[in-house]
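The structure file start-v9.csv is reproduced below (CSV, C-alpha atoms and all ligand atoms).
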```
chain,number,residue,atom,x,y,z
A,195,MET,CA,3.0,26.6,275.3
A,196,PRO,CA,-0.3,25.4,276.6
A,197,SER,CA,-1.7,22.2,274.9
A,198,LEU,CA,-4.8,22.3,272.7
A,199,LEU,CA,-6.7,20.7,275.6
A,200,ASP,CA,-5.6,23.4,278.0
A,201,ARG,CA,-6.6,26.2,275.5
A,202,THR,CA,-10.0,24.5,274.9
A,203,ILE,CA,-10.7,24.2,278.7
A,204,ALA,CA,-9.5,27.8,279.2
A,205,GLY,CA,-12.1,28.8,276.6
A,206,LEU,CA,-14.8,26.8,278.3
A,207,LEU,CA,-14.1,28.1,281.8
A,208,PRO,CA,-17.2,30.4,281.9
A,209,ALA,CA,-19.3,27.1,281.8
A,210,VAL,CA,-17.4,25.5,284.7
A,211,PRO,CA,-19.5,25.6,288.0
A,212,ARG,CA,-18.4,28.4,290.3
A,213,PRO,CA,-17.5,26.0,293.2
A,214,ILE,CA,-15.1,24.2,290.9
A,215,VAL,CA,-13.6,27.5,289.7
A,216,ARG,CA,-13.2,28.5,293.4
A,217,ARG,CA,-11.4,25.3,294.3
A,218,VAL,CA,-9.1,25.3,291.3
A,219,SER,CA,-8.2,28.9,291.8
A,220,SER,CA,-7.7,29.0,295.6
A,221,ARG,CA,-3.9,29.2,295.2
A,222,TYR,CA,-4.3,32.6,293.5
A,223,ILE,CA,-6.1,34.4,296.4
A,224,ALA,CA,-5.0,34.9,299.9
A,225,GLY,CA,-8.5,34.3,301.3
A,226,GLU,CA,-11.7,36.3,301.9
A,227,GLU,CA,-10.9,38.1,305.1
A,228,PHE,CA,-8.2,40.5,306.3
A,229,THR,CA,-6.9,37.9,308.8
A,230,ALA,CA,-6.1,35.6,305.9
A,231,VAL,CA,-4.2,38.2,303.8
A,232,VAL,CA,-2.3,39.3,306.9
A,233,ALA,CA,-1.2,35.8,307.5
A,234,ALA,CA,-0.1,35.5,303.9
A,235,ALA,CA,1.9,38.8,304.1
A,236,ARG,CA,3.6,37.7,307.3
A,237,ALA,CA,4.5,34.3,305.8
A,238,LEU,CA,6.0,36.1,302.8
A,239,ALA,CA,7.9,38.6,305.0
A,240,ALA,CA,9.4,35.7,307.0
A,241,ARG,CA,11.0,34.6,303.7
A,242,ASN,CA,12.2,38.1,302.8
A,243,LEU,CA,9.4,38.8,300.3
A,244,ARG,CA,7.5,42.1,300.1
A,245,SER,CA,3.7,42.3,299.6
A,246,THR,CA,1.0,44.5,298.2
A,247,MET,CA,-2.7,43.9,299.0
A,248,ASP,CA,-5.6,44.1,296.6
A,249,ILE,CA,-9.2,44.0,297.7
A,250,LEU,CA,-10.9,42.0,294.9
A,251,GLY,CA,-13.5,43.7,292.9
A,252,GLU,CA,-13.8,45.7,289.6
A,253,ASN,CA,-16.3,47.3,287.2
A,254,THR,CA,-18.5,48.9,289.8
A,255,ASP,CA,-21.4,50.2,287.8
A,256,SER,CA,-22.9,52.8,290.2
A,257,VAL,CA,-21.9,55.5,292.6
A,258,GLU,CA,-23.5,53.7,295.5
A,259,LYS,CA,-21.5,50.6,294.8
A,260,ALA,CA,-18.3,52.6,294.5
A,261,ARG,CA,-18.3,54.0,298.0
A,262,PRO,CA,-17.9,50.8,300.1
A,263,PRO,CA,-14.7,49.6,298.3
A,264,ALA,CA,-13.2,53.1,298.9
A,265,ALA,CA,-14.0,52.9,302.6
A,266,ALA,CA,-12.6,49.3,302.7
A,267,TYR,CA,-9.3,50.6,301.2
A,268,LEU,CA,-9.1,53.4,303.7
A,269,GLU,CA,-9.5,50.9,306.5
A,270,LEU,CA,-7.0,48.5,304.9
A,271,VAL,CA,-4.3,51.2,304.9
A,272,ASN,CA,-4.8,51.7,308.6
A,273,ARG,CA,-5.0,47.9,309.3
A,274,GLN,CA,-1.7,47.3,307.5
A,275,VAL,CA,0.0,49.7,310.0
A,276,GLU,CA,-1.6,48.0,313.0
A,277,ALA,CA,-0.7,44.5,311.7
A,278,GLY,CA,2.9,45.6,311.0
A,279,VAL,CA,2.9,44.4,307.4
A,280,ASP,CA,4.0,46.2,304.2
A,281,ARG,CA,2.1,49.5,303.8
A,282,ASN,CA,1.3,48.9,300.2
A,283,VAL,CA,-2.0,48.6,298.3
A,284,SER,CA,-2.9,48.0,294.7
A,285,ILE,CA,-6.2,49.4,293.4
A,286,LYS,CA,-8.4,49.0,290.3
A,287,LEU,CA,-10.0,52.3,289.6
A,288,SER,CA,-13.1,50.7,288.0
A,289,GLN,CA,-13.8,49.3,291.5
A,290,LEU,CA,-14.0,52.9,292.8
A,291,GLY,CA,-16.4,54.0,290.1
A,292,LEU,CA,-14.1,55.3,287.4
A,293,THR,CA,-16.7,54.5,284.7
A,294,SER,CA,-19.7,55.9,286.6
A,295,ASP,CA,-18.3,59.0,288.2
A,296,ARG,CA,-14.6,59.7,287.6
A,297,GLU,CA,-14.5,62.8,290.0
A,298,LEU,CA,-15.8,60.6,292.8
A,299,CYS,CA,-13.2,58.0,291.9
A,300,LEU,CA,-10.5,60.7,292.0
A,301,GLU,CA,-11.7,62.0,295.4
A,302,SER,CA,-11.8,58.5,296.8
A,303,MET,CA,-8.3,57.9,295.6
A,304,ARG,CA,-7.1,61.2,297.0
A,305,ALA,CA,-8.3,60.2,300.4
A,306,ILE,CA,-6.7,56.8,300.2
A,307,VAL,CA,-3.3,58.1,298.9
A,308,ALA,CA,-3.3,60.9,301.5
A,309,ARG,CA,-4.0,58.4,304.3
A,310,SER,CA,-1.3,56.1,303.0
A,311,ALA,CA,1.1,59.1,302.8
A,312,SER,CA,0.5,59.9,306.4
A,313,HIS,CA,1.6,56.3,307.2
A,314,ARG,CA,4.5,56.5,304.8
A,315,GLY,CA,2.8,53.8,302.6
A,316,LYS,CA,2.4,53.4,298.9
A,317,VAL,CA,-0.6,53.1,296.6
A,318,ARG,CA,-0.3,51.5,293.1
A,319,ILE,CA,-3.0,52.0,290.5
A,320,ASP,CA,-3.5,48.8,288.5
A,321,MET,CA,-4.2,49.2,284.8
A,322,GLU,CA,-7.3,47.8,283.3
A,323,ASP,CA,-8.6,47.4,279.7
A,324,SER,CA,-7.7,50.0,277.1
A,325,SER,CA,-11.0,51.8,277.3
A,326,LEU,CA,-9.8,53.0,280.8
A,327,THR,CA,-6.2,53.8,280.0
A,328,ASP,CA,-6.7,57.6,279.5
A,329,ALA,CA,-8.9,58.0,282.5
A,330,THR,CA,-6.6,55.9,284.7
A,331,LEU,CA,-3.6,58.0,283.7
A,332,TRP,CA,-5.6,61.2,284.3
A,333,VAL,CA,-6.3,60.1,287.9
A,334,PHE,CA,-2.6,59.1,288.3
A,335,LYS,CA,-1.3,62.4,287.0
A,336,THR,CA,-3.8,64.5,289.1
A,337,LEU,CA,-2.8,62.7,292.3
A,338,ARG,CA,0.9,62.7,291.4
A,339,ALA,CA,0.9,66.5,291.3
A,340,ASP,CA,0.3,66.4,295.1
A,341,TYR,CA,1.7,63.1,296.3
A,342,THR,CA,4.8,61.1,295.6
A,343,ASN,CA,3.5,57.8,297.1
A,344,VAL,CA,1.2,56.9,294.2
A,345,GLY,CA,2.4,54.8,291.3
A,346,VAL,CA,0.8,53.4,288.2
A,347,VAL,CA,0.9,50.3,286.0
A,348,LEU,CA,1.7,50.4,282.2
A,349,GLN,CA,1.2,47.4,279.9
A,350,ALA,CA,3.9,46.3,277.4
A,351,TYR,CA,1.3,45.0,274.9
A,352,LEU,CA,-0.2,48.4,274.2
A,353,HIS,CA,1.1,50.2,271.1
A,354,ARG,CA,0.8,53.5,273.0
A,355,THR,CA,3.0,52.5,276.0
A,356,LEU,CA,6.3,54.0,274.8
A,357,ALA,CA,4.6,57.3,274.0
A,358,ASP,CA,3.0,57.2,277.5
A,359,ILE,CA,6.4,56.8,279.1
A,360,ALA,CA,7.7,59.8,277.2
A,361,ALA,CA,4.7,61.9,278.1
A,362,LEU,CA,4.8,60.9,281.8
A,363,ALA,CA,8.6,61.4,282.0
A,364,PRO,CA,8.4,64.8,283.8
A,365,LEU,CA,6.6,63.1,286.7
A,366,THR,CA,9.3,60.4,287.1
A,367,PRO,CA,6.5,57.9,287.9
A,368,ASP,CA,6.9,55.0,290.2
A,369,TYR,CA,5.9,52.3,287.8
A,370,ARG,CA,4.8,48.7,287.6
A,371,LEU,CA,5.4,47.2,284.1
A,372,CYS,CA,3.5,44.1,283.1
A,373,LYS,CA,2.6,42.5,279.7
A,374,GLY,CA,-1.2,43.2,280.0
A,375,ILE,CA,-3.9,40.7,280.6
A,376,TYR,CA,-7.1,42.0,278.9
A,377,ILE,CA,-8.1,40.9,275.4
A,378,GLU,CA,-7.4,43.8,273.1
A,379,PRO,CA,-7.7,44.2,269.3
A,380,ALA,CA,-4.6,44.4,267.0
A,381,ALA,CA,-5.2,48.1,266.5
A,382,VAL,CA,-4.6,48.7,270.2
A,383,ALA,CA,-2.2,46.0,271.3
A,384,ILE,CA,0.7,43.8,270.0
A,385,GLN,CA,-0.7,40.3,269.6
A,386,ASP,CA,2.4,38.1,269.4
A,387,ARG,CA,4.5,37.0,272.4
A,388,ALA,CA,7.9,38.0,270.8
A,389,GLY,CA,6.6,41.4,270.0
A,390,ILE,CA,5.2,41.9,273.5
A,391,ASN,CA,8.4,40.8,275.1
A,392,ALA,CA,10.5,43.1,272.9
A,393,ASN,CA,8.3,46.0,273.8
A,394,PHE,CA,8.4,45.1,277.5
A,395,LEU,CA,12.2,45.4,277.5
A,396,ARG,CA,12.1,48.6,275.4
A,397,ALA,CA,9.6,50.1,277.9
A,398,LEU,CA,11.6,48.9,280.9
A,399,ALA,CA,14.8,50.6,279.5
A,400,ALA,CA,12.9,53.8,278.9
A,401,MET,CA,11.5,53.8,282.4
A,402,PHE,CA,15.0,53.2,283.9
A,403,ASP,CA,16.6,55.8,281.7
A,404,GLY,CA,13.9,58.3,282.8
A,405,GLY,CA,14.9,57.8,286.4
A,406,SER,CA,11.8,55.8,287.5
A,407,VAL,CA,11.6,53.1,290.1
A,408,VAL,CA,10.1,50.1,288.4
A,409,GLY,CA,8.2,47.0,289.7
A,410,ILE,CA,9.0,44.4,287.0
A,411,ALA,CA,5.9,42.3,287.0
A,412,THR,CA,6.4,39.1,285.2
A,413,HIS,CA,6.8,35.3,285.6
A,414,ASP,CA,8.4,35.0,282.2
A,415,ALA,CA,12.0,33.7,282.7
A,416,ALA,CA,13.2,35.2,279.4
A,417,LEU,CA,11.9,38.7,280.4
A,418,ILE,CA,13.4,38.3,283.9
A,419,ASP,CA,16.8,37.6,282.3
A,420,GLY,CA,16.4,40.6,280.0
A,421,ALA,CA,15.5,42.8,283.0
A,422,LYS,CA,18.5,41.6,284.9
A,423,ARG,CA,20.7,42.5,281.9
A,424,LEU,CA,19.2,46.0,281.8
A,425,ILE,CA,19.8,46.4,285.5
A,426,ALA,CA,23.4,45.2,285.3
A,427,GLU,CA,24.2,47.4,282.3
A,428,ARG,CA,22.9,50.4,284.2
A,429,ARG,CA,24.4,49.3,287.5
A,430,LEU,CA,21.1,50.0,289.2
A,431,GLY,CA,20.8,49.3,292.9
A,432,PRO,CA,17.8,47.7,294.6
A,433,ASP,CA,16.3,51.1,295.3
A,434,ARG,CA,15.5,51.4,291.6
A,435,TYR,CA,13.6,48.2,291.0
A,436,GLU,CA,11.9,45.2,292.4
A,437,PHE,CA,10.5,42.1,290.7
A,438,GLN,CA,6.8,41.5,291.3
A,439,MET,CA,4.8,38.3,291.0
A,440,LEU,CA,1.3,37.1,291.6
A,441,LEU,CA,0.4,34.9,294.6
A,442,GLY,CA,0.4,31.2,293.5
A,443,VAL,CA,2.4,31.6,290.3
A,444,GLN,CA,6.0,30.4,289.6
A,445,GLU,CA,7.1,30.1,293.2
A,446,LYS,CA,10.4,28.4,292.5
A,447,LEU,CA,11.5,31.2,290.1
A,448,ARG,CA,10.4,33.7,292.7
A,449,ASP,CA,12.5,32.0,295.5
A,450,ARG,CA,15.5,31.8,293.1
A,451,LEU,CA,15.3,35.6,292.4
A,452,VAL,CA,15.2,36.4,296.2
A,453,ALA,CA,18.1,34.0,296.8
A,454,GLU,CA,20.1,35.9,294.2
A,455,GLY,CA,19.4,39.1,296.3
A,456,HIS,CA,16.7,40.8,294.1
A,457,PRO,CA,13.9,42.5,295.9
A,458,LEU,CA,10.6,40.9,295.1
A,459,ARG,CA,7.0,41.8,295.9
A,460,VAL,CA,4.0,39.4,295.8
A,461,TYR,CA,0.6,40.7,294.8
A,462,LEU,CA,-1.9,39.4,297.4
A,463,PRO,CA,-5.6,39.7,296.3
A,464,TYR,CA,-8.2,38.9,298.8
A,465,GLY,CA,-12.0,39.3,299.4
A,466,ARG,CA,-15.3,38.0,298.2
A,467,GLU,CA,-15.3,39.2,294.6
A,468,TRP,CA,-12.8,36.6,293.5
A,469,TYR,CA,-14.5,35.3,290.3
A,470,ALA,CA,-13.2,37.7,287.6
A,471,TYR,CA,-9.7,37.8,288.9
A,472,CYS,CA,-9.5,34.0,289.2
A,473,MET,CA,-10.9,33.5,285.7
A,474,ARG,CA,-8.1,35.6,284.3
A,475,ARG,CA,-5.5,33.6,286.3
A,476,LEU,CA,-6.9,30.3,285.3
A,477,LYS,CA,-6.8,31.2,281.6
A,478,GLU,CA,-3.1,32.0,282.0
A,479,ASN,CA,-2.3,28.7,283.7
A,480,PRO,CA,-0.6,26.5,281.1
A,481,SER,CA,-2.0,23.3,282.8
A,482,VAL,CA,-5.5,24.5,283.6
A,483,ALA,CA,-7.1,21.3,282.0
A,484,GLY,CA,-5.5,18.9,284.5
A,485,HIS,CA,-6.5,21.2,287.5
A,486,VAL,CA,-10.1,21.5,286.3
A,487,PHE,CA,-10.5,17.8,285.7
A,488,ARG,CA,-9.0,16.8,289.0
A,489,ALA,CA,-11.3,19.3,290.8
A,490,MET,CA,-14.3,18.0,288.9
A,491,LEU,CA,-13.4,14.5,290.0
A,492,GLY,CA,-13.0,15.7,293.6
A,493,LEU,CA,-9.3,15.2,293.6
A,494,GLY,CA,-8.2,18.8,293.4
A,501,LIG,P1,3.5,34.7,280.7
A,501,LIG,O1,2.0,34.8,280.7
A,501,LIG,O2,4.2,34.3,279.5
A,501,LIG,O3,3.9,33.7,281.9
A,501,LIG,C1,5.2,33.2,282.0
A,501,LIG,C2,5.1,31.8,282.6
A,501,LIG,O4,4.6,31.9,284.0
A,501,LIG,C3,4.2,30.9,281.9
A,501,LIG,O5,4.9,30.2,280.9
A,501,LIG,C4,3.6,30.0,282.9
A,501,LIG,O6,4.5,28.9,283.1
A,501,LIG,C5,3.6,30.9,284.2
A,501,LIG,N1,2.3,31.4,284.5
A,501,LIG,C6,1.8,32.6,284.2
A,501,LIG,N2,0.6,32.7,284.7
A,501,LIG,C7,0.3,31.6,285.4
A,501,LIG,C8,-0.8,31.1,286.1
A,501,LIG,N3,-1.9,31.8,286.3
A,501,LIG,N4,-0.7,29.9,286.6
A,501,LIG,C9,0.4,29.1,286.5
A,501,LIG,N5,1.5,29.5,285.8
A,501,LIG,C10,1.4,30.7,285.2
A,501,LIG,N6,-2.1,43.0,284.1
A,501,LIG,C11,-2.8,44.1,283.7
A,501,LIG,O7,-3.3,44.2,282.6
A,501,LIG,N7,-2.9,45.1,284.6
A,501,LIG,C12,-2.3,45.1,285.9
A,501,LIG,O8,-2.5,46.1,286.6
A,501,LIG,C13,-1.6,43.9,286.2
A,501,LIG,N8,-1.0,43.8,287.4
A,501,LIG,C14,-0.1,42.8,287.7
A,501,LIG,C15,0.6,42.7,288.9
A,501,LIG,C16,1.6,41.8,289.1
A,501,LIG,C17,2.4,41.7,290.3
A,501,LIG,C18,1.8,40.8,288.1
A,501,LIG,C19,2.8,39.7,288.2
A,501,LIG,C20,1.0,40.8,286.9
A,501,LIG,C21,0.1,41.8,286.7
A,501,LIG,N9,-0.7,41.8,285.6
A,501,LIG,C22,-1.5,42.9,285.3
A,501,LIG,C23,-0.8,40.5,284.7
A,501,LIG,C24,0.2,40.6,283.6
A,501,LIG,O9,-0.2,41.6,282.6
A,501,LIG,C25,0.2,39.2,282.9
A,501,LIG,O10,-1.0,38.9,282.4
A,501,LIG,C26,0.7,38.1,283.8
A,501,LIG,O11,1.7,38.5,284.6
A,501,LIG,C27,1.2,36.9,282.9
A,501,LIG,O12,2.3,37.4,282.1
A,501,LIG,P2,3.8,37.0,282.4
A,501,LIG,O13,4.6,38.2,282.1
A,501,LIG,O14,3.9,36.4,283.7
A,501,LIG,O15,4.2,36.0,281.2
```
Now, as a test, write the supplied structure out as structure tokens.
Amino acid sequence: MPSLLDRTIAGLLPAVPRPIVRRVSSRYIAGEEFTAVVAAARALAARNLRSTMDILGENTDSVEKARPPAAAYLELVNRQVEAGVDRNVSIKLSQLGLTSDRELCLESMRAIVARSASHRGKVRIDMEDSSLTDATLWVFKTLRADYTNVGVVLQAYLHRTLADIAALAPLTPDYRLCKGIYIEPAAVAIQDRAGINANFLRALAAMFDGGSVVGIATHDAALIDGAKRLIAERRLGPDRYEFQMLLGVQEKLRDRLVAEGHPLRVYLPYGREWYAYCMRRLKENPSVAGHVFRAMLGLG
């Protein structure tokens, strides 16, 4: 449980100067350039960890701004092959213009998924705030009709998630399940931790029982134990699941899971548009106050 000071600092983060935010959050991003993220992926692979790469950026508000990120992802898919790292990318559809022109977003995604398929790679569609859930699932379903190498994220805090799993069951989606990070009203999302965790395990069981492969994306030790129980009860092999964690978070727990023989993928964000992503991570860090103060004093 974060202290009152940590919660206060988390609330004040928008007022913290960007260079300080950058310094404090450097652990959460692989770097600004491809060379940095490739080095991170190779270091993980050497320790038996998988990776997925995310080019930072979201909420693109015009068609013109939506095209360059799509081109960058197409290039990334090729560069992963050349570099010999995991052929796996994670994409936020708002970065590819979901809110300004969803047909353009769909066509950009189709090109990326097709190119990834030609390299036997995988594309995972991140899930953003609840105003985008329907549109995101529409893009996923449309692409899934033609490609098996595209997966989607569902968020355990949404009231709708169990119904979404039932509706998507005929597609046997490749899922990532996470708690959900965006601030949502009570009408849309469960607000308490116990309720979110209970729904996470219900959703995970439903995904497994529907035959899906699931990326279990959490750093919560209680949920990881619950997931291990579900896996053991169903005698699922490592082809049916992997754990997933964010770069820079809970590395000891991560290494323990790998030592136990569980597959684990690390989410590697990189690029210049780091601010929104890092703010979300800092708000989740239970000891953000100490990190911010140390950085302010030049000690971080
Ligand atoms: P919780 O927040 O309870 O964290 C468990 C413990 O981990 C905490 O007690 C703390 O000790 C530690 N911890 C967590 N965050 C930390 C941090 N930043 N710094 C230091 N310690 C930290 N969300 C979403 O809405 N859409 C998406 O597409 C994705 N994608 C995604 C991919 C992957 C691979 C992961 C791991 C997560 C996401 N998320 C996401 C984020 C997710 O919804 C959620 O906000 C975070 O994973 C935090 O929730 P936990 O389940 O880890 O539990």
> Given a cut-off of 6 Å, what residues near ligand LIG 501 (chain A) show up using only C-alpha atoms and all ligand atoms, put as number ranges by chain?
Replying inline: A: 320-322, 347, 372-376, 411-414, 438-440, 443-444, 461, 475-476, 478-480
Keeping only C-alpha atoms, write those residues as a PDB file, in the coordinates of the input.
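Resulting contents of out25.pdb:
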```pdb
ATOM      1  CA  ASP A 320      -3.500  48.800 288.500  1.00  0.00           C
ATOM      2  CA  MET A 321      -4.200  49.200 284.800  1.00  0.00           C
ATOM      3  CA  GLU A 322      -7.300  47.800 283.300  1.00  0.00           C
ATOM      4  CA  VAL A 347       0.900  50.300 286.000  1.00  0.00           C
ATOM      5  CA  CYS A 372       3.500  44.100 283.100  1.00  0.00           C
ATOM      6  CA  LYS A 373       2.600  42.500 279.700  1.00  0.00           C
ATOM      7  CA  GLY A 374      -1.200  43.200 280.000  1.00  0.00           C
ATOM      8  CA  ILE A 375      -3.900  40.700 280.600  1.00  0.00           C
ATOM      9  CA  TYR A 376      -7.100  42.000 278.900  1.00  0.00           C
ATOM     10  CA  ALA A 411       5.900  42.300 287.000  1.00  0.00           C
ATOM     11  CA  THR A 412       6.400  39.100 285.200  1.00  0.00           C
ATOM     12  CA  HIS A 413       6.800  35.300 285.600  1.00  0.00           C
ATOM     13  CA  ASP A 414       8.400  35.000 282.200  1.00  0.00           C
ATOM     14  CA  GLN A 438       6.800  41.500 291.300  1.00  0.00           C
ATOM     15  CA  MET A 439       4.800  38.300 291.000  1.00  0.00           C
ATOM     16  CA  LEU A 440       1.300  37.100 291.600  1.00  0.00           C
ATOM     17  CA  VAL A 443       2.400  31.600 290.300  1.00  0.00           C
ATOM     18  CA  GLN A 444       6.000  30.400 289.600  1.00  0.00           C
ATOM     19  CA  TYR A 461       0.600  40.700 294.800  1.00  0.00           C
ATOM     20  CA  ARG A 475      -5.500  33.600 286.300  1.00  0.00           C
ATOM     21  CA  LEU A 476      -6.900  30.300 285.300  1.00  0.00           C
ATOM     22  CA  GLU A 478      -3.100  32.000 282.000  1.00  0.00           C
ATOM     23  CA  ASN A 479      -2.300  28.700 283.700  1.00  0.00           C
ATOM     24  CA  PRO A 480      -0.600  26.500 281.100  1.00  0.00           C
TER      25      PRO A 480
END
```
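With all atoms listed in the file as the basis for measurement, A:Leu352 is the residue among A:Ala360, A:Leu352, A:Ala483, A:Ala397 that approaches Ala380 (chain A) most closely.
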>> Residues within 6 Å of Thr246 (chain A), please, as number ranges by chain. Count only C-alpha atoms; anything in the same chain fewer than 6 positions from it doesn't count.
In response: A: 282-283, 461-462
>> Give me the residues near Gly291 (chain A) as a ChimeraX atom specification, where near means some atom within 6 Å (using only C-alpha atoms) and where sequence neighbours in that chain fewer than 6 positions away do not count.
In response: /A:254,260,299
> From the list A:Arg466, A:Arg428, A:Lys259, A:Arg396, which residue is nearest Leu371 (chain A) when using all atoms listed in the file?
Replying inline: A:Arg396
> Of the residues A:Ala265, A:Leu206, A:Leu300, A:Ala350, which is the one nearest to Val482 (chain A), using all atoms listed in the file?
Replying inline: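 Checking each of A:Ala265, A:Leu206, A:Leu300, A:Ala350 against Val482 (chain A), counting all atoms listed in the file, the winner is A:Leu206.
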> Near Met247 (chain A), counting only C-alpha atoms, which residues have an atom at most 10 Å away, once you skip same-chain residues fewer than 5 positions from it, shown as a ChimeraX atom specification?
Replying inline: /A:224,228,231-232,235,267,270-271,274,280-285,317-318,460-464
> Between CA of Ile249 (chain A) and CA of Gly465 (chain A), what is the distance, to one decimal in Å?
Replying inline: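 Distance reported for this atom pair: 5.7 Å.
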Neighbour list for Lys477 (chain A) as a compact mmCIF listing (two decimals) with C-alpha atoms, in the coordinates of the input, cut-off 12 Å, all atoms listed in the file, skip fewer than 5 positions in-chain:
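Wrote it out as selection27.txt, contents follow:
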```
# COMPACT_ATOMS: atom_id res chain seq x y z
CA PRO A 196 -0.30 25.40 276.60
CA ASP A 200 -5.60 23.40 278.00
CA ARG A 201 -6.60 26.20 275.50
CA THR A 202 -10.00 24.50 274.90
CA ILE A 203 -10.70 24.20 278.70
CA ALA A 204 -9.50 27.80 279.20
CA GLY A 205 -12.10 28.80 276.60
CA LEU A 206 -14.80 26.80 278.30
CA LEU A 207 -14.10 28.10 281.80
CA PRO A 208 -17.20 30.40 281.90
CA VAL A 215 -13.60 27.50 289.70
CA VAL A 218 -9.10 25.30 291.30
CA SER A 219 -8.20 28.90 291.80
CA ILE A 375 -3.90 40.70 280.60
CA TYR A 376 -7.10 42.00 278.90
CA ILE A 377 -8.10 40.90 275.40
CA ALA A 470 -13.20 37.70 287.60
CA TYR A 471 -9.70 37.80 288.90
CA CYS A 472 -9.50 34.00 289.20
CA VAL A 482 -5.50 24.50 283.60
CA ALA A 483 -7.10 21.30 282.00
CA HIS A 485 -6.50 21.20 287.50
CA VAL A 486 -10.10 21.50 286.30
```
> In Å to one decimal, how far is CA of Gly455 (chain A) from CA of Met401 (chain A)?
Replying inline: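 Taking CA of Met401 (chain A) and CA of Gly455 (chain A), their separation equals 21.7 Å.
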> Between CA of Phe487 (chain A) and CA of Ala209 (chain A), what is the distance, to one decimal in Å?
Replying inline: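 So the answer is 13.4 Å.
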> So which residues touch Lys335 (chain A) within 10 Å, counting only C-alpha atoms, skipping near sequence neighbours fewer than 6 positions away, as a ChimeraX atom specification?
Replying inline: /A:329,341,344-346,362,365,367
> Between A:Thr366, A:Thr293, A:Ser220, A:Ser302, which one has atoms that come closest to Thr330 (chain A), using only C-alpha atoms?
Replying inline: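 Smallest separation from Thr330 (chain A) among the options: A:Thr293.
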>> Please determine, counting all atoms listed in the file, which residue among A:Tyr369, A:Phe402, A:Phe437, A:Trp468 has the shortest atom-to-atom distance to Arg244 (chain A).
In response: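 Selected residue with least distance to Arg244 (chain A): A:Phe437.
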> Around (7.8, 35.3, 298.0) in the file's own coordinates, what residues are found within 10 Å if you use only C-alpha atoms, given back as a PyMOL selection string?
Replying inline: chain A and resi 234-235+237-245+438-442+444-452+457-461
>> Counting only C-alpha atoms, which residue out of A:Leu250, A:Leu199, A:Leu337, A:Leu395 sits closest to Tyr222 (chain A)?
In response: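 Looking at the shortest contact to Tyr222 (chain A), the residue is A:Leu250.
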